[in-house]
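Asks: Structure file target.csv (CSV, N, CA and C atoms) is given on the next line.
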```csv
chain,number,residue,atom,x,y,z
A,1,VAL,N,-21.1,5.7,5.8
A,1,VAL,CA,-20.5,6.7,6.6
A,1,VAL,C,-19.6,7.6,5.7
A,2,PRO,N,-19.8,8.9,5.8
A,2,PRO,CA,-19.0,9.8,5.0
A,2,PRO,C,-17.5,9.7,5.4
A,3,ALA,N,-16.6,9.9,4.5
A,3,ALA,CA,-15.2,9.9,4.7
A,3,ALA,C,-14.8,11.1,5.6
A,4,LEU,N,-13.8,10.9,6.5
A,4,LEU,CA,-13.2,12.0,7.2
A,4,LEU,C,-12.3,12.8,6.3
A,5,PRO,N,-12.2,14.1,6.6
A,5,PRO,CA,-11.2,14.8,5.8
A,5,PRO,C,-9.8,14.3,6.1
A,6,LEU,N,-8.9,14.4,5.2
A,6,LEU,CA,-7.6,13.9,5.4
A,6,LEU,C,-6.9,14.5,6.6
A,7,THR,N,-7.2,15.8,6.9
A,7,THR,CA,-6.6,16.5,8.0
A,7,THR,C,-7.1,15.8,9.3
A,8,GLU,N,-8.3,15.4,9.4
A,8,GLU,CA,-8.8,14.7,10.6
A,8,GLU,C,-8.2,13.3,10.7
A,9,ALA,N,-8.0,12.6,9.6
A,9,ALA,CA,-7.4,11.3,9.7
A,9,ALA,C,-5.9,11.4,10.2
A,10,GLU,N,-5.3,12.5,9.7
A,10,GLU,CA,-3.9,12.7,10.1
A,10,GLU,C,-3.8,13.1,11.6
A,11,ARG,N,-4.8,13.8,12.1
A,11,ARG,CA,-4.9,14.2,13.5
A,11,ARG,C,-5.0,12.9,14.4
A,12,ILE,N,-5.8,12.0,13.9
A,12,ILE,CA,-6.0,10.7,14.6
A,12,ILE,C,-4.7,9.9,14.6
A,13,ALA,N,-4.0,9.9,13.5
A,13,ALA,CA,-2.8,9.1,13.4
A,13,ALA,C,-1.7,9.8,14.3
A,14,THR,N,-1.7,11.1,14.3
A,14,THR,CA,-0.7,11.8,15.2
A,14,THR,C,-1.0,11.5,16.7
A,15,THR,N,-2.3,11.4,17.1
A,15,THR,CA,-2.6,11.1,18.4
A,15,THR,C,-2.2,9.7,18.8
A,16,LEU,N,-2.4,8.7,17.9
A,16,LEU,CA,-2.0,7.4,18.1
A,16,LEU,C,-0.5,7.2,18.2
A,17,ARG,N,0.3,8.0,17.4
A,17,ARG,CA,1.7,7.9,17.5
A,17,ARG,C,2.2,8.5,18.8
A,18,GLY,N,1.5,9.5,19.3
A,18,GLY,CA,1.8,10.1,20.6
A,18,GLY,C,1.6,9.1,21.7
A,19,LEU,N,0.8,8.1,21.5
A,19,LEU,CA,0.5,7.0,22.5
A,19,LEU,C,1.5,5.8,22.3
A,20,GLY,N,2.4,6.0,21.4
A,20,GLY,CA,3.4,4.9,21.2
A,20,GLY,C,3.1,3.9,20.2
A,21,LEU,N,2.1,4.1,19.4
A,21,LEU,CA,1.8,3.2,18.3
A,21,LEU,C,2.4,3.7,17.0
A,22,ASN,N,2.5,2.8,16.0
A,22,ASN,CA,2.8,3.2,14.7
A,22,ASN,C,1.4,3.4,14.1
A,23,ALA,N,1.3,4.4,13.2
A,23,ALA,CA,0.0,4.7,12.6
A,23,ALA,C,0.2,5.2,11.2
A,24,LYS,N,-0.6,4.8,10.2
A,24,LYS,CA,-0.6,5.2,8.9
A,24,LYS,C,-2.0,5.5,8.4
A,25,VAL,N,-2.2,6.5,7.7
A,25,VAL,CA,-3.5,6.9,7.1
A,25,VAL,C,-3.7,6.0,5.9
A,26,SER,N,-4.9,5.5,5.7
A,26,SER,CA,-5.3,4.7,4.6
A,26,SER,C,-6.4,5.6,3.9
A,27,SER,N,-6.8,5.1,2.7
A,27,SER,CA,-7.9,5.8,2.0
A,27,SER,C,-9.3,5.6,2.7
A,28,ILE,N,-9.4,4.6,3.6
A,28,ILE,CA,-10.6,4.3,4.2
A,28,ILE,C,-10.6,4.2,5.7
A,29,HIS,N,-9.4,4.2,6.3
A,29,HIS,CA,-9.2,4.1,7.8
A,29,HIS,C,-7.8,4.6,8.2
A,30,VAL,N,-7.6,4.6,9.5
A,30,VAL,CA,-6.3,4.8,10.1
A,30,VAL,C,-5.8,3.4,10.6
A,31,ASN,N,-4.7,3.0,10.1
A,31,ASN,CA,-4.1,1.7,10.6
A,31,ASN,C,-3.2,2.1,11.8
A,32,ALA,N,-3.3,1.3,12.9
A,32,ALA,CA,-2.4,1.5,14.0
A,32,ALA,C,-1.9,0.1,14.5
A,33,TRP,N,-0.7,0.1,15.0
A,33,TRP,CA,-0.1,-1.2,15.5
A,33,TRP,C,1.1,-0.9,16.3
A,34,PHE,N,1.4,-1.9,17.2
A,34,PHE,CA,2.6,-1.9,17.9
A,34,PHE,C,3.7,-2.8,17.2
A,35,GLY,N,4.9,-2.4,17.3
A,35,GLY,CA,6.0,-3.2,16.7
A,35,GLY,C,6.6,-2.5,15.5
A,36,GLU,N,7.7,-3.0,15.0
A,36,GLU,CA,8.4,-2.4,13.9
A,36,GLU,C,8.1,-3.0,12.5
A,37,HIS,N,7.1,-4.0,12.5
A,37,HIS,CA,6.8,-4.6,11.2
A,37,HIS,C,5.9,-3.6,10.4
A,38,ASN,N,5.8,-3.9,9.1
A,38,ASN,CA,5.0,-3.1,8.2
A,38,ASN,C,4.4,-4.0,7.2
A,39,LYS,N,3.7,-3.5,6.2
A,39,LYS,CA,3.1,-4.4,5.2
A,39,LYS,C,4.2,-5.2,4.4
A,40,TYR,N,5.3,-4.5,4.1
A,40,TYR,CA,6.4,-5.2,3.4
A,40,TYR,C,7.0,-6.3,4.1
A,41,SER,N,7.4,-6.1,5.4
A,41,SER,CA,8.0,-7.2,6.1
A,41,SER,C,7.1,-8.3,6.3
A,42,ALA,N,5.8,-8.0,6.6
A,42,ALA,CA,4.8,-9.1,6.7
A,42,ALA,C,4.6,-9.9,5.4
A,43,CYS,N,4.6,-9.1,4.3
A,43,CYS,CA,4.3,-9.7,3.0
A,43,CYS,C,5.5,-10.7,2.6
A,44,VAL,N,6.7,-10.2,2.8
A,44,VAL,CA,7.9,-11.0,2.5
A,44,VAL,C,7.9,-12.3,3.3
A,45,ARG,N,7.5,-12.2,4.6
A,45,ARG,CA,7.5,-13.4,5.5
A,45,ARG,C,6.4,-14.3,5.0
A,46,TRP,N,5.2,-13.8,4.6
A,46,TRP,CA,4.2,-14.7,4.1
A,46,TRP,C,4.6,-15.4,2.8
A,47,LEU,N,5.1,-14.6,1.9
A,47,LEU,CA,5.5,-15.2,0.6
A,47,LEU,C,6.5,-16.3,0.8
A,48,LYS,N,7.4,-16.2,1.7
A,48,LYS,CA,8.4,-17.2,2.0
A,48,LYS,C,7.7,-18.4,2.6
A,49,GLN,N,6.9,-18.2,3.6
A,49,GLN,CA,6.3,-19.3,4.4
A,49,GLN,C,5.2,-20.0,3.5
A,50,ALA,N,4.4,-19.3,2.9
A,50,ALA,CA,3.2,-19.9,2.2
A,50,ALA,C,3.5,-20.3,0.8
A,51,MET,N,4.4,-19.5,0.1
A,51,MET,CA,4.6,-19.7,-1.3
A,51,MET,C,6.0,-20.2,-1.6
A,52,GLY,N,6.9,-20.2,-0.6
A,52,GLY,CA,8.2,-20.7,-0.9
A,52,GLY,C,9.1,-19.8,-1.7
A,53,LEU,N,8.7,-18.5,-1.8
A,53,LEU,CA,9.4,-17.5,-2.6
A,53,LEU,C,10.4,-16.7,-1.7
A,54,GLU,N,11.6,-16.6,-2.2
A,54,GLU,CA,12.6,-15.7,-1.5
A,54,GLU,C,12.2,-14.3,-2.0
A,55,GLU,N,12.8,-13.4,-1.2
A,55,GLU,CA,12.4,-12.0,-1.4
A,55,GLU,C,12.7,-11.5,-2.9
A,56,ALA,N,13.9,-11.8,-3.4
A,56,ALA,CA,14.2,-11.4,-4.8
A,56,ALA,C,13.3,-12.0,-5.8
A,57,ALA,N,13.0,-13.2,-5.6
A,57,ALA,CA,12.0,-13.9,-6.6
A,57,ALA,C,10.6,-13.2,-6.5
A,58,ALA,N,10.2,-13.0,-5.3
A,58,ALA,CA,8.9,-12.4,-5.1
A,58,ALA,C,8.8,-11.0,-5.8
A,59,LEU,N,9.9,-10.2,-5.6
A,59,LEU,CA,9.9,-8.9,-6.2
A,59,LEU,C,9.9,-8.9,-7.7
A,60,ALA,N,10.6,-9.9,-8.3
A,60,ALA,CA,10.7,-10.1,-9.7
A,60,ALA,C,9.4,-10.6,-10.3
A,61,ARG,N,8.6,-11.3,-9.6
A,61,ARG,CA,7.4,-12.0,-10.1
A,61,ARG,C,6.1,-11.4,-9.7
A,62,SER,N,6.1,-10.3,-9.0
A,62,SER,CA,4.8,-9.7,-8.4
A,62,SER,C,4.6,-8.3,-8.8
A,63,VAL,N,3.3,-8.0,-8.8
A,63,VAL,CA,2.8,-6.6,-9.0
A,63,VAL,C,2.1,-6.3,-7.7
A,64,TYR,N,2.4,-5.2,-7.1
A,64,TYR,CA,1.7,-4.8,-5.9
A,64,TYR,C,0.7,-3.6,-6.2
A,65,VAL,N,-0.5,-3.7,-5.7
A,65,VAL,CA,-1.5,-2.6,-5.9
A,65,VAL,C,-2.0,-2.1,-4.6
A,66,GLY,N,-2.0,-0.8,-4.5
A,66,GLY,CA,-2.4,-0.1,-3.2
A,66,GLY,C,-3.1,1.2,-3.5
A,67,ASP,N,-3.5,1.9,-2.4
A,67,ASP,CA,-4.3,3.1,-2.6
A,67,ASP,C,-4.0,4.2,-1.6
A,68,SER,N,-3.0,4.1,-0.8
A,68,SER,CA,-2.8,5.1,0.3
A,68,SER,C,-1.4,5.0,0.9
A,69,PRO,N,-1.1,5.9,1.8
A,69,PRO,CA,0.2,6.0,2.5
A,69,PRO,C,0.6,4.7,3.2
A,70,ASN,N,-0.3,3.9,3.7
A,70,ASN,CA,0.1,2.7,4.4
A,70,ASN,C,0.6,1.7,3.4
A,71,ASP,N,0.5,1.9,2.1
A,71,ASP,CA,1.1,1.0,1.1
A,71,ASP,C,2.5,1.5,0.7
A,72,GLU,N,3.0,2.6,1.2
A,72,GLU,CA,4.3,3.1,0.8
A,72,GLU,C,5.4,2.2,1.0
A,73,PRO,N,5.5,1.3,2.0
A,73,PRO,CA,6.6,0.4,2.1
A,73,PRO,C,6.6,-0.6,0.9
A,74,MET,N,5.4,-0.9,0.4
A,74,MET,CA,5.3,-1.8,-0.7
A,74,MET,C,5.7,-1.1,-2.0
A,75,PHE,N,5.2,0.1,-2.2
A,75,PHE,CA,5.6,0.9,-3.3
A,75,PHE,C,7.1,1.1,-3.4
A,76,ALA,N,7.8,1.3,-2.3
A,76,ALA,CA,9.2,1.5,-2.2
A,76,ALA,C,10.0,0.2,-2.7
A,77,LYS,N,9.5,-0.9,-2.5
A,77,LYS,CA,10.2,-2.2,-2.7
A,77,LYS,C,9.9,-2.9,-4.0
A,78,PHE,N,8.6,-2.9,-4.4
A,78,PHE,CA,8.1,-3.6,-5.6
A,78,PHE,C,8.3,-2.7,-6.8
A,79,PRO,N,9.2,-3.1,-7.8
A,79,PRO,CA,9.4,-2.4,-9.0
A,79,PRO,C,8.1,-2.2,-9.7
A,80,LEU,N,7.3,-3.2,-9.7
A,80,LEU,CA,5.9,-3.1,-10.4
A,80,LEU,C,4.9,-2.8,-9.3
A,81,SER,N,4.9,-1.5,-8.9
A,81,SER,CA,3.9,-1.1,-7.9
A,81,SER,C,2.9,-0.2,-8.6
A,82,VAL,N,1.6,-0.4,-8.3
A,82,VAL,CA,0.5,0.4,-8.9
A,82,VAL,C,-0.4,1.0,-7.8
A,83,GLY,N,-0.6,2.2,-8.0
A,83,GLY,CA,-1.6,2.9,-7.1
A,83,GLY,C,-2.9,3.1,-7.9
A,84,VAL,N,-4.0,2.7,-7.3
A,84,VAL,CA,-5.3,3.0,-8.0
A,84,VAL,C,-5.5,4.5,-7.8
A,85,ALA,N,-6.3,5.1,-8.6
A,85,ALA,CA,-6.4,6.6,-8.7
A,85,ALA,C,-6.6,7.3,-7.4
A,86,ASN,N,-7.3,6.7,-6.5
A,86,ASN,CA,-7.6,7.4,-5.2
A,86,ASN,C,-6.3,7.5,-4.3
A,87,VAL,N,-5.2,7.1,-4.8
A,87,VAL,CA,-3.9,7.4,-4.1
A,87,VAL,C,-3.5,8.8,-4.3
A,88,GLN,N,-4.0,9.5,-5.4
A,88,GLN,CA,-3.5,10.8,-5.8
A,88,GLN,C,-3.6,11.9,-4.7
A,89,PRO,N,-4.6,12.0,-3.9
A,89,PRO,CA,-4.6,13.0,-2.8
A,89,PRO,C,-3.4,12.8,-1.8
A,90,PHE,N,-2.9,11.6,-1.7
A,90,PHE,CA,-1.9,11.3,-0.7
A,90,PHE,C,-0.4,11.6,-1.3
A,91,LEU,N,-0.3,11.7,-2.6
A,91,LEU,CA,1.0,11.7,-3.2
A,91,LEU,C,1.9,12.8,-2.7
A,92,PRO,N,1.4,14.0,-2.4
A,92,PRO,CA,2.3,15.1,-1.9
A,92,PRO,C,3.0,14.7,-0.5
A,93,ALA,N,2.4,13.9,0.2
A,93,ALA,CA,2.9,13.5,1.6
A,93,ALA,C,3.7,12.2,1.5
A,94,MET,N,3.8,11.6,0.4
A,94,MET,CA,4.5,10.3,0.2
A,94,MET,C,5.9,10.5,-0.3
A,95,ARG,N,6.9,9.8,0.4
A,95,ARG,CA,8.3,9.9,-0.1
A,95,ARG,C,8.5,8.9,-1.3
A,96,THR,N,7.7,7.8,-1.3
A,96,THR,CA,7.8,6.8,-2.4
A,96,THR,C,6.4,6.6,-3.0
A,97,PRO,N,6.1,7.2,-4.1
A,97,PRO,CA,4.8,6.9,-4.7
A,97,PRO,C,4.9,5.6,-5.5
A,98,PRO,N,3.7,5.1,-5.9
A,98,PRO,CA,3.8,3.9,-6.8
A,98,PRO,C,4.4,4.2,-8.1
A,99,ALA,N,4.9,3.2,-8.8
A,99,ALA,CA,5.5,3.4,-10.1
A,99,ALA,C,4.5,3.8,-11.2
A,100,PHE,N,3.3,3.3,-11.0
A,100,PHE,CA,2.2,3.5,-12.0
A,100,PHE,C,1.0,3.9,-11.2
A,101,ILE,N,0.1,4.6,-11.8
A,101,ILE,CA,-1.2,5.0,-11.2
A,101,ILE,C,-2.3,4.8,-12.3
A,102,THR,N,-3.4,4.1,-11.9
A,102,THR,CA,-4.5,3.8,-12.8
A,102,THR,C,-5.3,5.1,-13.0
A,103,ALA,N,-6.1,5.1,-14.0
A,103,ALA,CA,-7.0,6.2,-14.2
A,103,ALA,C,-8.2,6.1,-13.3
A,104,LEU,N,-8.6,4.9,-13.0
A,104,LEU,CA,-9.8,4.7,-12.2
A,104,LEU,C,-9.5,4.4,-10.7
A,105,PRO,N,-10.4,4.7,-9.8
A,105,PRO,CA,-10.2,4.5,-8.4
A,105,PRO,C,-10.7,3.1,-7.9
A,106,ALA,N,-10.2,2.8,-6.7
A,106,ALA,CA,-10.6,1.6,-6.0
A,106,ALA,C,-10.7,0.3,-6.8
A,107,SER,N,-11.7,-0.5,-6.7
A,107,SER,CA,-11.8,-1.8,-7.4
A,107,SER,C,-11.8,-1.6,-8.9
A,108,ALA,N,-12.4,-0.5,-9.4
A,108,ALA,CA,-12.3,-0.2,-10.8
A,108,ALA,C,-10.9,0.0,-11.3
A,109,GLY,N,-10.1,0.6,-10.5
A,109,GLY,CA,-8.6,0.7,-10.9
A,109,GLY,C,-7.9,-0.6,-10.9
A,110,PHE,N,-8.3,-1.5,-9.9
A,110,PHE,CA,-7.7,-2.8,-9.9
A,110,PHE,C,-8.1,-3.6,-11.2
A,111,CYS,N,-9.4,-3.5,-11.5
A,111,CYS,CA,-9.9,-4.1,-12.8
A,111,CYS,C,-9.2,-3.6,-14.0
A,112,GLU,N,-8.9,-2.3,-14.0
A,112,GLU,CA,-8.2,-1.6,-15.1
A,112,GLU,C,-6.8,-2.2,-15.2
A,113,LEU,N,-6.1,-2.4,-14.1
A,113,LEU,CA,-4.8,-3.0,-14.2
A,113,LEU,C,-4.9,-4.5,-14.7
A,114,VAL,N,-5.8,-5.3,-14.2
A,114,VAL,CA,-6.0,-6.6,-14.6
A,114,VAL,C,-6.3,-6.7,-16.1
A,115,ASP,N,-7.2,-5.9,-16.6
A,115,ASP,CA,-7.5,-5.8,-18.0
A,115,ASP,C,-6.2,-5.5,-18.8
A,116,HIS,N,-5.4,-4.6,-18.3
A,116,HIS,CA,-4.2,-4.2,-19.0
A,116,HIS,C,-3.2,-5.4,-19.1
A,117,LEU,N,-3.0,-6.1,-17.9
A,117,LEU,CA,-2.1,-7.2,-17.9
A,117,LEU,C,-2.6,-8.3,-18.8
A,118,LEU,N,-3.9,-8.6,-18.8
A,118,LEU,CA,-4.4,-9.7,-19.6
A,118,LEU,C,-4.3,-9.3,-21.1
A,119,SER,N,-4.4,-8.1,-21.5
A,119,SER,CA,-4.3,-7.7,-22.9
A,119,SER,C,-2.9,-7.8,-23.4
A,120,GLU,N,-1.9,-7.9,-22.5
A,120,GLU,CA,-0.5,-8.0,-22.9
A,120,GLU,C,-0.1,-9.4,-23.3
A,121,HIS,N,-1.0,-10.4,-23.0
A,121,HIS,CA,-0.7,-11.8,-23.3
A,121,HIS,C,-1.6,-12.4,-24.2
```
Mind turning the file's structure into structure tokens?
Replies:
Amino acid sequence: VPALPLTEAERIATTLRGLGLNAKVSSIHVNAWFGEHNKYSACVRWLKQAMGLEEAAALARSVYVGDSPNDEPMFAKFPLSVGVANVQPFLPAMRTPPAFITALPASAGFCELVDHLLSEH
């Protein structure tokens, strides 16, 4: 399926917000949900429940990788936040971009990051 233009994805998100949902555009879809939670609040909850990590420890020990505006709450909190290259078209609309951006997009960008991290040890 061909990707929708960003303007069309934003129109869908605006319509959803008008219906009372939260909505964020992703690089591959539009996320919509009810409630005040976001990726960050859900992640911190999971890290505590599943891994026994308090928020400060999780932030100090983790790297977050994302690709679109729905990752912005994570980019804002994780000092080591990485956007894969396909985040670049969204940067002008983002208040908090990732700290680092890979040269390659999607899974290739993730592999680029992993290769970099492994080369450091």
Asks: Hey, which of A:Leu117, A:Val65, A:Met74, A:Ala32 ends up closest to Pro105 (chain A)? Count only C-alpha atoms.
Replies: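 That would be A:Val65, the residue with the smallest distance to Pro105 (chain A).
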Asks: Just give me the gap between CA of Val25 (chain A) and CA of Ala108 (chain A) in Å, one decimal is fine.
Replies: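 About the pair CA of Val25 (chain A) and CA of Ala108 (chain A): they are 21.2 Å apart.
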Asks: Considering all atoms listed in the file, state which residue in the set A:Leu53, A:Pro92, A:Tyr40, A:Lys48 is at the smallest distance from Glu72 (chain A).
Replies: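 Of A:Leu53, A:Pro92, A:Tyr40, A:Lys48, the one nearest Glu72 (chain A) is A:Tyr40, counting all atoms listed in the file.
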Asks: Please determine, counting only C-alpha atoms, which residue among A:Pro89, A:Gly66, A:Gly52, A:Pro5 has the shortest atom-to-atom distance to Ala106 (chain A).
Replies: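 Smallest distance to Ala106 (chain A) is found for A:Gly66.
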Asks: Go ahead and compute the interatomic distance for atom N of Ala56 (chain A) and CA of Ala42 (chain A), in Å to one decimal.
Replies: 13.9 Å
Asks: List every protein, DNA or RNA residue that has an atom no more than 6 Å from (-9.8, 8.6, -11.2) in the file's coordinate frame, counting only N, CA and C atoms, and report them as a list in words.
Replies: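 Residues with an atom at most 6 Å from (-9.8, 8.6, -11.2): Ala85, Asn86, Thr102, Ala103, Leu104 and Pro105 of chain A.
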Asks: Report as a list in words all protein, DNA and RNA residues lying within 12 Å of Lys77 (chain A), evaluated on only C-alpha atoms, omitting residues in the same chain fewer than 5 positions from it.
Replies: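 Counting only the stated atoms, we get Lys39, Tyr40, Ser41, Cys43, Val44, Glu55, Ala56, Ala58, Leu59, Ala60, Ser62, Val63, Tyr64, Asp71, Glu72, Val82, Thr96, Pro97, Pro98 and Ala99 of chain A.
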Asks: Identify all residues of region 11-85 of chain A in helix (DSSP H, G or I) (DSSP on the backbone) and supply them as a PyMOL selection string.
Replies: chain A and resi 11-18+39-51+55-61+69-77+85
Asks: Counting only N, CA and C atoms, what is within 7 Å of region 7-24 of chain A, bar same-chain residues fewer than 6 positions away, as a PyMOL selection string?
Replies: chain A and resi 30-35+69-70
Asks: Return as lines of an AutoDock Vina configuration file the centre and edge lengths, in Å with one decimal, of the box along x, y and z that encloses every atom of region 95-105 of chain A in the file, padded by 5 Å per side.
Replies:
```
center_x = -1.1
center_y = 6.5
center_z = -6.9
size_x = 29.2
size_y = 16.8
size_z = 24.6
```
Asks: For the atom pair atom N of Arg61 (chain A) and CA of Phe78 (chain A), what is the interatomic distance in Å to one decimal place?
Replies: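 Between atom N of Arg61 (chain A) and CA of Phe78 (chain A) the gap works out to 8.7 Å.
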